[in-house]
file run-v7.cif (mmCIF, C-alpha atoms)
data_query
#
loop_
_atom_site.label_atom_id
_atom_site.label_comp_id
_atom_site.auth_asym_id
_atom_site.auth_seq_id
_atom_site.Cartn_x
_atom_site.Cartn_y
_atom_site.Cartn_z
CA MET A 29 45.35 82.78 93.15
CA LEU A 30 41.97 84.40 93.79
CA ASN A 31 43.60 87.74 94.59
CA LYS A 32 45.55 87.71 91.34
CA LYS A 33 42.37 86.97 89.38
CA LEU A 34 40.63 89.87 91.10
CA ILE A 35 43.48 92.24 90.28
CA ILE A 36 43.64 91.15 86.64
CA ALA A 37 39.87 91.52 86.31
CA GLY A 38 40.02 95.04 87.73
CA ILE A 39 42.86 96.10 85.44
CA LEU A 40 41.04 94.69 82.41
CA THR A 41 37.91 96.60 83.42
CA ILE A 42 39.82 99.88 83.36
CA LEU A 43 41.63 99.11 80.11
CA LEU A 44 38.44 98.08 78.32
CA LEU A 45 36.41 101.12 79.40
CA PRO A 46 37.28 103.16 76.29
CA PHE A 47 36.05 100.39 74.00
CA SER A 48 32.63 100.32 75.67
CA ILE A 49 32.01 104.07 75.31
CA ASN A 50 30.35 103.78 71.90
CA ALA A 51 27.86 101.27 73.27
CA GLN A 52 26.23 103.98 75.38
CA LYS A 53 24.10 106.23 73.16
CA VAL A 54 22.50 108.51 75.79
CA THR A 55 24.98 110.29 78.06
CA LYS A 56 22.43 112.24 80.16
CA THR A 57 24.89 115.13 80.33
CA GLY A 58 23.54 118.02 82.37
CA THR A 59 20.67 116.05 83.93
CA THR A 60 21.82 115.83 87.56
CA ALA A 61 21.49 118.18 90.51
CA ALA A 62 24.30 119.24 92.85
CA LYS A 63 26.89 118.95 90.10
CA PHE A 64 29.41 120.65 92.39
CA LEU A 65 29.83 117.22 94.02
CA SER A 66 31.76 116.18 90.90
CA ILE A 67 34.42 118.88 91.33
CA GLY A 68 37.63 117.25 92.54
CA ILE A 69 38.83 118.16 96.03
CA GLY A 70 42.49 118.64 97.01
CA PRO A 71 45.36 120.01 94.91
CA ARG A 72 47.33 116.77 95.20
CA ALA A 73 44.56 114.67 93.67
CA ASN A 74 43.66 117.30 91.07
CA ALA A 75 47.28 117.63 89.98
CA MET A 76 47.33 113.87 89.37
CA GLY A 77 44.38 114.09 87.01
CA GLY A 78 41.90 112.77 89.55
CA ALA A 79 43.48 109.30 89.43
CA PHE A 80 43.41 109.09 93.20
CA SER A 81 40.96 106.45 94.43
CA SER A 82 43.71 103.88 95.14
CA ILE A 83 46.24 106.44 96.43
CA ALA A 84 43.96 108.31 98.84
CA ASN A 85 45.78 108.22 102.18
CA ASP A 86 45.44 111.77 103.53
CA ALA A 87 42.53 114.00 104.51
CA SER A 88 41.45 114.47 100.87
CA ALA A 89 40.49 110.77 100.92
CA ILE A 90 37.22 111.88 102.54
CA TYR A 91 36.18 113.01 99.06
CA TRP A 92 37.91 110.52 96.75
CA ASN A 93 37.57 107.26 98.67
CA PRO A 94 36.46 107.16 102.33
CA ALA A 95 38.36 103.90 102.84
CA GLY A 96 41.56 105.94 102.62
CA ILE A 97 41.01 107.69 105.96
CA ALA A 98 41.75 104.35 107.66
CA TYR A 99 45.41 104.89 106.72
CA SER A 100 45.70 107.94 108.97
CA ASP A 101 47.17 107.29 112.42
CA GLN A 102 47.28 111.03 113.24
CA PHE A 103 44.74 113.80 113.57
CA GLN A 104 44.52 115.53 110.20
CA ALA A 105 42.89 118.69 108.94
CA ILE A 106 42.69 119.83 105.32
CA PHE A 107 41.79 123.26 103.96
CA THR A 108 41.48 123.77 100.21
CA TYR A 109 40.54 126.67 97.98
CA SER A 110 39.88 126.54 94.23
CA SER A 111 39.51 129.58 91.99
CA MET A 112 37.31 128.67 89.04
CA PHE A 113 35.86 130.35 85.98
CA ALA A 114 33.17 133.07 86.29
CA ASP A 115 34.50 134.03 89.74
CA ILE A 116 33.21 130.78 91.27
CA LYS A 117 35.04 129.75 94.44
CA LEU A 118 35.16 126.28 95.96
CA ASN A 119 36.18 125.81 99.60
CA TYR A 120 36.60 122.56 101.48
CA VAL A 121 37.40 121.67 105.07
CA GLY A 122 37.95 118.13 106.34
CA VAL A 123 39.08 116.59 109.63
CA ILE A 124 40.18 113.00 110.38
CA ILE A 125 40.06 111.62 113.93
CA PRO A 126 41.79 108.23 114.33
CA ALA A 127 40.33 105.98 117.01
CA GLY A 128 42.79 103.08 117.17
CA ASP A 129 41.20 99.66 116.84
CA LEU A 130 37.78 101.27 116.38
CA GLY A 131 38.84 102.72 113.02
CA SER A 132 38.93 106.34 111.87
CA PHE A 133 36.23 109.01 111.83
CA ALA A 134 36.05 112.14 109.70
CA ALA A 135 33.90 115.20 109.04
CA SER A 136 33.87 117.53 106.04
CA VAL A 137 32.22 120.65 104.65
CA THR A 138 32.11 121.63 100.96
CA ALA A 139 31.01 125.15 99.99
CA LEU A 140 30.65 126.47 96.45
CA ASN A 141 30.25 130.25 96.24
CA TYR A 142 28.94 131.84 93.04
CA GLY A 143 29.35 135.42 94.28
CA GLN A 144 26.66 138.08 94.16
CA LEU A 145 24.23 138.11 91.22
CA SER A 146 21.72 140.78 90.20
CA VAL A 147 18.00 140.11 90.34
CA THR A 148 16.45 140.58 86.89
CA THR A 149 12.85 140.39 85.76
CA GLU A 150 11.01 140.40 82.46
CA ASN A 151 10.27 144.08 82.88
CA GLN A 152 13.71 144.94 84.31
CA PRO A 153 16.24 142.82 82.37
CA GLU A 154 19.08 145.11 83.43
CA GLY A 155 18.40 144.44 87.09
CA THR A 156 16.12 145.63 89.86
CA GLY A 157 18.96 146.83 92.08
CA GLU A 158 18.54 143.81 94.36
CA THR A 159 21.22 141.10 94.60
CA PHE A 160 21.36 137.52 95.86
CA SER A 161 24.06 134.93 96.52
CA PRO A 162 23.33 131.36 95.37
CA GLY A 163 25.30 128.58 97.00
CA SER A 164 25.87 124.83 97.11
CA TYR A 165 26.89 122.99 100.28
CA ALA A 166 27.61 119.45 101.45
CA PHE A 167 28.16 118.31 105.05
CA GLY A 168 29.66 114.84 105.53
CA LEU A 169 30.45 112.33 108.27
CA SER A 170 32.77 109.43 107.45
CA TYR A 171 34.02 106.19 108.97
CA ALA A 172 36.68 103.73 107.81
CA LYS A 173 38.38 100.64 109.18
CA PHE A 174 40.89 97.97 108.18
CA ILE A 175 39.18 94.60 107.78
CA THR A 176 42.56 92.94 107.30
CA ASP A 177 46.07 94.39 107.29
CA ASP A 178 45.76 95.05 103.55
CA PHE A 179 42.04 95.70 103.04
CA ALA A 180 40.20 98.84 104.16
CA VAL A 181 36.57 99.87 103.76
CA GLY A 182 34.92 103.22 104.41
CA ALA A 183 31.65 105.11 104.04
CA THR A 184 30.41 108.71 104.13
CA ALA A 185 26.94 110.11 104.73
CA LYS A 186 26.29 113.60 103.33
CA LEU A 187 23.63 116.25 103.60
CA VAL A 188 23.52 118.19 100.33
CA THR A 189 21.77 121.52 99.78
CA GLU A 190 21.59 124.09 96.97
CA SER A 191 19.94 127.50 97.12
CA ILE A 192 19.11 130.25 94.64
CA TYR A 193 17.33 133.43 95.69
CA HIS A 194 14.40 132.30 97.92
CA SER A 195 14.34 128.67 96.76
CA ASN A 196 16.41 125.63 97.72
CA ALA A 197 16.75 121.88 97.31
CA THR A 198 18.02 119.32 99.82
CA GLY A 199 19.14 115.71 99.49
CA VAL A 200 21.02 112.94 101.26
CA SER A 201 23.79 110.89 99.68
CA PHE A 202 26.26 108.15 100.58
CA ASP A 203 29.79 107.24 99.48
CA ILE A 204 31.25 103.74 99.85
CA GLY A 205 34.84 102.77 99.08
CA THR A 206 37.46 100.04 99.39
CA ILE A 207 41.25 99.88 99.05
CA PHE A 208 43.13 96.60 98.72
CA LYS A 209 46.93 96.40 98.82
CA THR A 210 47.58 93.29 96.80
CA PRO A 211 50.56 90.91 96.99
CA PHE A 212 50.87 91.35 93.23
CA TYR A 213 54.02 93.51 92.86
CA GLY A 214 52.72 96.00 95.42
CA VAL A 215 49.76 97.03 93.26
CA ARG A 216 46.88 98.77 95.04
CA PHE A 217 43.34 98.21 93.81
CA ALA A 218 40.43 100.44 94.82
CA SER A 219 36.79 101.01 94.07
CA SER A 220 34.38 103.69 95.20
CA ILE A 221 30.75 104.64 94.62
CA THR A 222 29.96 108.27 95.41
CA ASN A 223 26.78 110.34 95.64
CA TYR A 224 24.28 107.49 95.82
CA GLY A 225 21.18 109.03 97.33
CA THR A 226 17.89 110.83 97.04
CA LYS A 227 16.69 113.04 94.21
CA MET A 228 16.64 116.81 94.71
CA GLN A 229 13.75 119.15 93.94
CA MET A 230 13.67 122.94 94.12
CA SER A 231 11.00 124.52 96.33
CA GLY A 232 10.48 127.85 98.03
CA ASN A 233 8.81 131.25 97.92
CA ASP A 234 9.99 131.95 94.37
CA LEU A 235 7.70 129.19 93.15
CA LEU A 236 4.54 130.64 94.75
CA ILE A 237 2.07 131.98 92.16
CA ARG A 238 -1.52 133.14 91.86
CA TYR A 239 -3.47 130.70 89.70
CA ASN A 240 -6.89 130.66 88.05
CA VAL A 241 -8.14 127.07 88.04
CA ASP A 242 -10.71 127.64 85.26
CA PRO A 243 -10.35 131.03 83.52
CA GLN A 244 -13.17 130.15 81.09
CA ARG A 245 -15.76 129.92 83.85
CA ALA A 246 -17.52 133.12 84.94
CA GLY A 247 -16.84 133.98 88.54
CA SER A 248 -13.78 131.73 88.78
CA ASN A 249 -11.33 132.82 91.49
CA ASN A 250 -8.15 134.08 89.81
CA THR A 251 -6.19 134.57 93.04
CA VAL A 252 -5.81 130.99 94.27
CA ASP A 253 -2.39 130.44 95.87
CA ALA A 254 -0.42 127.65 94.18
CA ASN A 255 3.09 126.23 93.92
CA ILE A 256 4.94 125.49 90.71
CA ALA A 257 6.10 121.86 90.83
CA THR A 258 9.69 121.50 89.60
CA GLU A 259 11.31 118.31 88.34
CA LYS A 260 13.24 115.99 90.64
CA PHE A 261 16.85 115.40 89.60
CA GLU A 262 19.26 112.64 90.56
CA LEU A 263 22.61 113.29 92.20
CA PRO A 264 25.82 112.85 90.12
CA LEU A 265 26.41 109.17 90.91
CA ARG A 266 29.93 107.96 90.06
CA LEU A 267 31.70 104.60 90.07
CA GLN A 268 35.49 104.92 90.20
CA ILE A 269 37.86 101.97 89.90
CA GLY A 270 41.59 102.53 90.28
CA VAL A 271 44.97 100.82 90.33
CA SER A 272 48.31 102.28 91.37
CA ARG A 273 51.84 101.29 92.23
CA ASP A 274 54.84 102.90 93.92
CA PHE A 275 58.29 102.62 92.35
CA ILE A 276 61.17 103.21 94.80
CA PHE A 277 64.56 104.30 93.45
CA MET A 278 67.72 106.17 94.52
CA GLU A 279 67.51 105.71 98.29
CA ASN A 280 63.79 106.05 99.06
CA GLN A 281 62.88 108.47 96.28
CA ARG A 282 59.42 107.52 95.00
CA PHE A 283 57.43 107.60 91.78
CA THR A 284 53.73 106.68 91.93
CA LEU A 285 51.70 105.84 88.83
CA ALA A 286 47.90 105.66 89.01
CA VAL A 287 45.06 104.95 86.57
CA ASP A 288 41.35 105.35 87.35
CA GLY A 289 38.31 104.38 85.29
CA ILE A 290 35.27 106.64 85.76
CA VAL A 291 31.66 105.57 85.14
CA PRO A 292 29.22 108.44 85.90
CA ASN A 293 25.45 108.51 85.51
CA ASP A 294 25.50 111.85 83.65
CA ASN A 295 28.21 111.32 81.04
CA ASP A 296 30.18 108.68 79.17
CA GLN A 297 32.94 106.59 80.71
CA SER A 298 36.46 107.97 80.80
CA VAL A 299 39.94 107.31 82.19
CA ASN A 300 42.13 109.50 84.40
CA ILE A 301 45.88 108.97 84.66
CA GLY A 302 48.39 110.60 86.98
CA GLY A 303 51.85 110.41 88.48
CA GLU A 304 53.70 111.76 91.50
CA LEU A 305 57.48 112.08 91.83
CA ALA A 306 58.59 112.57 95.46
CA PHE A 307 62.09 113.60 96.57
CA LEU A 308 63.89 113.93 99.91
CA ASP A 309 61.63 111.51 101.80
CA ASP A 310 58.43 113.07 100.39
CA MET A 311 59.46 116.61 101.30
CA ILE A 312 59.04 117.82 97.70
CA SER A 313 56.60 116.35 95.18
CA LEU A 314 56.06 117.03 91.49
CA ARG A 315 52.78 115.86 89.97
CA GLY A 316 51.12 115.60 86.61
CA GLY A 317 48.22 113.90 84.92
CA TYR A 318 45.48 113.95 82.33
CA LYS A 319 41.73 113.89 82.91
CA SER A 320 38.85 112.45 80.91
CA LEU A 321 40.82 110.41 78.42
CA PHE A 322 38.65 108.82 75.67
CA LEU A 323 35.71 111.09 76.58
CA LYS A 324 34.13 112.68 73.53
CA ASP A 325 33.94 116.49 73.61
CA SER A 326 35.88 116.59 76.88
CA GLN A 327 36.67 120.07 78.21
CA GLU A 328 39.31 118.82 80.67
CA GLY A 329 42.88 117.81 79.97
CA LEU A 330 46.35 118.40 81.34
CA THR A 331 46.89 118.76 85.09
CA LEU A 332 50.05 119.82 86.92
CA GLY A 333 51.06 120.57 90.48
CA LEU A 334 53.59 120.44 93.26
CA GLY A 335 53.71 119.95 97.00
CA PHE A 336 55.92 120.65 99.97
CA LYS A 337 55.91 118.87 103.36
CA TYR A 338 57.58 119.88 106.58
CA ASN A 339 57.82 117.04 109.10
CA ARG A 340 59.38 117.45 112.51
CA PRO A 341 58.78 114.98 115.39
CA GLY A 342 56.86 116.52 118.25
CA PHE A 343 55.50 119.37 116.11
CA ILE A 344 52.60 119.87 113.74
CA ASN A 345 53.44 118.48 110.31
CA ILE A 346 52.47 120.80 107.48
CA GLY A 347 51.84 120.04 103.83
CA VAL A 348 51.23 122.75 101.22
CA ASP A 349 49.96 121.83 97.74
CA TYR A 350 49.13 123.58 94.48
CA SER A 351 47.47 122.35 91.29
CA TYR A 352 46.73 123.69 87.84
CA GLN A 353 43.94 122.22 85.68
CA GLN A 354 43.53 122.99 82.00
CA TYR A 355 40.07 123.53 80.52
CA LYS A 356 39.35 123.93 76.82
CA TYR A 357 36.93 126.87 76.85
CA LEU A 358 36.02 127.93 80.38
CA GLY A 359 39.47 128.96 81.59
CA ASN A 360 42.01 127.22 83.75
CA VAL A 361 41.44 126.28 87.40
CA GLN A 362 43.96 126.71 90.20
CA SER A 363 43.72 125.04 93.61
CA PHE A 364 45.60 125.59 96.85
CA GLY A 365 45.57 123.40 99.93
CA VAL A 366 47.07 122.95 103.37
CA ILE A 367 47.13 119.69 105.34
CA LEU A 368 47.99 119.67 109.05
CA LYS A 369 48.94 116.50 110.92
CA PHE A 370 49.40 116.37 114.68
#
call {"tool": "encode", "arguments": {"input": "run-v7.cif", "output": "structure tokens"}}
result
Amino acid sequence: MLNKKLIIAGILTILLLPFSINAQKVTKTGTTAAKFLSIGIGPRANAMGGAFSSIANDASAIYWNPAGIAYSDQFQAIFTYSSMFADIKLNYVGVIIPAGDLGSFAASVTALNYGQLSVTTENQPEGTGETFSPGSYAFGLSYAKFITDDFAVGATAKLVTESIYHSNATGVSFDIGTIFKTPFYGVRFASSITNYGTKMQMSGNDLLIRYNVDPQRAGSNNTVDANIATEKFELPLRLQIGVSRDFIFMENQRFTLAVDGIVPNDNDQSVNIGGELAFLDDMISLRGGYKSLFLKDSQEGLTLGLGFKYNRPGFINIGVDYSYQQYKYLGNVQSFGVILKF
């Protein structure tokens, strides 16, 4: 009875999210550092509109819900590449190492590449001829374990760094997640909190200046070395609550429906919804979804994708995935990924 009450409460939370949006007057949009941590990882999850916290059962679970890596009983490696607007490239590598009764361990690297930019100054707005390459990186270690046969928990610790020219910022963050397979019609219920951690502050040689402490005083030293103090910014904290269910039909063909409620610290609440139709024992998958439902001025929308798996006993199993994400103004985003299981 308690489990059913928990499930109903979770579903009601997701369904009532849109009605609570107007109660929040200040969205704090654009006030967090390391915003690249909010970019979805993995074509499968992105194609399903990011409604993935309760489905996460492959190597992309490292990003969406670390509890999901407990479902892996094989070594897994994931490699993803996303081509974004303004020639921005996002690369991700993750590895899961199952350890039997001890649980499962994982490691991941996220790298956002902005390409080469020209150095400009007030006196040389067209460029000095010098270039630099800003970047954003996250390095994570994860652990997950089944507490019961139907309940898994997981956590990730991440080192986050961003750099621009000769300055950089570093922070530490943590992700915590759970997945519960309920006895209520096979419904899965999940929750995850991501990017809970320290604030980030830019520092470096670019912030060194010469400063005159008291220019009004005769004889004051106007060449005192000083540092410009920048603001400290929070990481993009996000609470994600999801429910999903598999529908089996026509001799093990599967349709999965998932809904996730998103509560970030730098925007209003929203809802993601997605589906996956799998044929031929999961060999071919068609996916679709919609992101940021009920979010005012949302730039995201329709998502589509497909996947192909090749499984052969005694060999490396290969999965290849593709996703397409629609954006209102910035241009569409395409992602490609490969998952190896052995």
call {"tool": "closest_residue", "arguments": {"input": "run-v7.cif", "among": "A:Asn151, A:Asn249, A:Gln244, A:Thr189", "to": "Ser231 of chain A", "atoms": "all atoms listed in the file"}}
result
A:Thr189
call {"tool": "resolve_selection", "arguments": {"input": "run-v7.cif", "expression": "the PyMOL selection byres ((chain A and resi 253) around 10)", "output": "count of residues only"}}
result
10
call {"tool": "residues_near_point", "arguments": {"input": "run-v7.cif", "point": "(52.4, 122.1, 108.0)", "cutoff": "6 Å", "atoms": "only C-alpha atoms", "output": "list in words"}}
result
Tyr338, Asn345, Ile346, Gly347 and Leu368 of chain A
call {"tool": "closest_residue", "arguments": {"input": "run-v7.cif", "among": "A:Gly182, A:Gly333, A:Pro292, A:Pro126", "to": "Glu304 of chain A", "atoms": "only C-alpha atoms"}}
result
A:Gly333
call {"tool": "residues_near_point", "arguments": {"input": "run-v7.cif", "point": "(25.9, 122.3, 102.9)", "cutoff": "10 Å", "atoms": "all atoms listed in the file", "output": "list in words"}}
result
Ser136, Val137, Thr138, Ala139, Leu140, Gly163, Ser164, Tyr165, Ala166, Phe167, Gly168, Lys186, Leu187, Val188, Thr189, Glu190, Ser191 and Thr198 of chain A
call {"tool": "write_last_selection", "arguments": {"input": "run-v7.cif", "atoms": "C-alpha atoms", "output": "mmCIF file, in the frame of the given file"}}
result
data_model
loop_
_atom_site.group_PDB
_atom_site.id
_atom_site.type_symbol
_atom_site.label_atom_id
_atom_site.label_comp_id
_atom_site.auth_asym_id
_atom_site.auth_seq_id
_atom_site.Cartn_x
_atom_site.Cartn_y
_atom_site.Cartn_z
ATOM 1 C CA SER A 136 33.870 117.530 106.040
ATOM 2 C CA VAL A 137 32.220 120.650 104.650
ATOM 3 C CA THR A 138 32.110 121.630 100.960
ATOM 4 C CA ALA A 139 31.010 125.150 99.990
ATOM 5 C CA LEU A 140 30.650 126.470 96.450
ATOM 6 C CA GLY A 163 25.300 128.580 97.000
ATOM 7 C CA SER A 164 25.870 124.830 97.110
ATOM 8 C CA TYR A 165 26.890 122.990 100.280
ATOM 9 C CA ALA A 166 27.610 119.450 101.450
ATOM 10 C CA PHE A 167 28.160 118.310 105.050
ATOM 11 C CA GLY A 168 29.660 114.840 105.530
ATOM 12 C CA LYS A 186 26.290 113.600 103.330
ATOM 13 C CA LEU A 187 23.630 116.250 103.600
ATOM 14 C CA VAL A 188 23.520 118.190 100.330
ATOM 15 C CA THR A 189 21.770 121.520 99.780
ATOM 16 C CA GLU A 190 21.590 124.090 96.970
ATOM 17 C CA SER A 191 19.940 127.500 97.120
ATOM 18 C CA THR A 198 18.020 119.320 99.820
#
call {"tool": "decode", "arguments": {"input": "run-v7.cif", "residues": "segment 53-70 of chain A", "atoms": "N, CA and C atoms", "output": "compact mmCIF listing (two decimals), in the first residue's frame"}}
result
# COMPACT_ATOMS: atom_id res chain seq x y z
N LYS A 53 8.27 33.70 -9.72
CA LYS A 53 8.37 34.95 -10.47
C LYS A 53 9.77 35.16 -11.03
N VAL A 54 10.81 34.73 -10.30
CA VAL A 54 12.19 34.95 -10.73
C VAL A 54 12.77 33.63 -11.21
N THR A 55 13.14 33.55 -12.49
CA THR A 55 13.62 32.30 -13.05
C THR A 55 15.12 32.13 -12.92
N LYS A 56 15.86 33.23 -12.74
CA LYS A 56 17.33 33.20 -12.63
C LYS A 56 17.98 32.62 -13.88
N THR A 57 17.33 32.81 -15.02
CA THR A 57 17.89 32.32 -16.28
C THR A 57 19.23 32.99 -16.56
N GLY A 58 20.20 32.20 -16.95
CA GLY A 58 21.51 32.73 -17.30
C GLY A 58 22.36 33.14 -16.12
N THR A 59 22.10 32.60 -14.94
CA THR A 59 22.85 33.01 -13.74
C THR A 59 23.73 31.90 -13.19
N THR A 60 23.93 30.82 -13.93
CA THR A 60 24.76 29.73 -13.42
C THR A 60 26.01 29.56 -14.29
N ALA A 61 27.04 29.02 -13.68
CA ALA A 61 28.27 28.69 -14.40
C ALA A 61 28.16 27.27 -14.96
N ALA A 62 29.11 26.90 -15.80
CA ALA A 62 29.20 25.54 -16.34
C ALA A 62 27.87 25.06 -16.90
N LYS A 63 27.23 25.91 -17.70
CA LYS A 63 25.92 25.56 -18.24
C LYS A 63 25.99 24.36 -19.18
N PHE A 64 27.18 24.02 -19.65
CA PHE A 64 27.31 22.84 -20.51
C PHE A 64 26.87 21.57 -19.81
N LEU A 65 26.85 21.58 -18.46
CA LEU A 65 26.41 20.41 -17.71
C LEU A 65 24.92 20.13 -17.92
N SER A 66 24.19 21.09 -18.47
CA SER A 66 22.76 20.89 -18.72
C SER A 66 22.48 20.33 -20.10
N ILE A 67 23.50 20.19 -20.94
CA ILE A 67 23.31 19.65 -22.28
C ILE A 67 23.17 18.13 -22.19
N GLY A 68 22.07 17.60 -22.70
CA GLY A 68 21.81 16.17 -22.61
C GLY A 68 22.85 15.33 -23.31
N ILE A 69 23.18 14.20 -22.70
CA ILE A 69 24.21 13.29 -23.23
C ILE A 69 23.54 12.02 -23.76
N GLY A 70 23.96 11.59 -24.94
CA GLY A 70 23.48 10.32 -25.51
C GLY A 70 22.34 10.52 -26.49
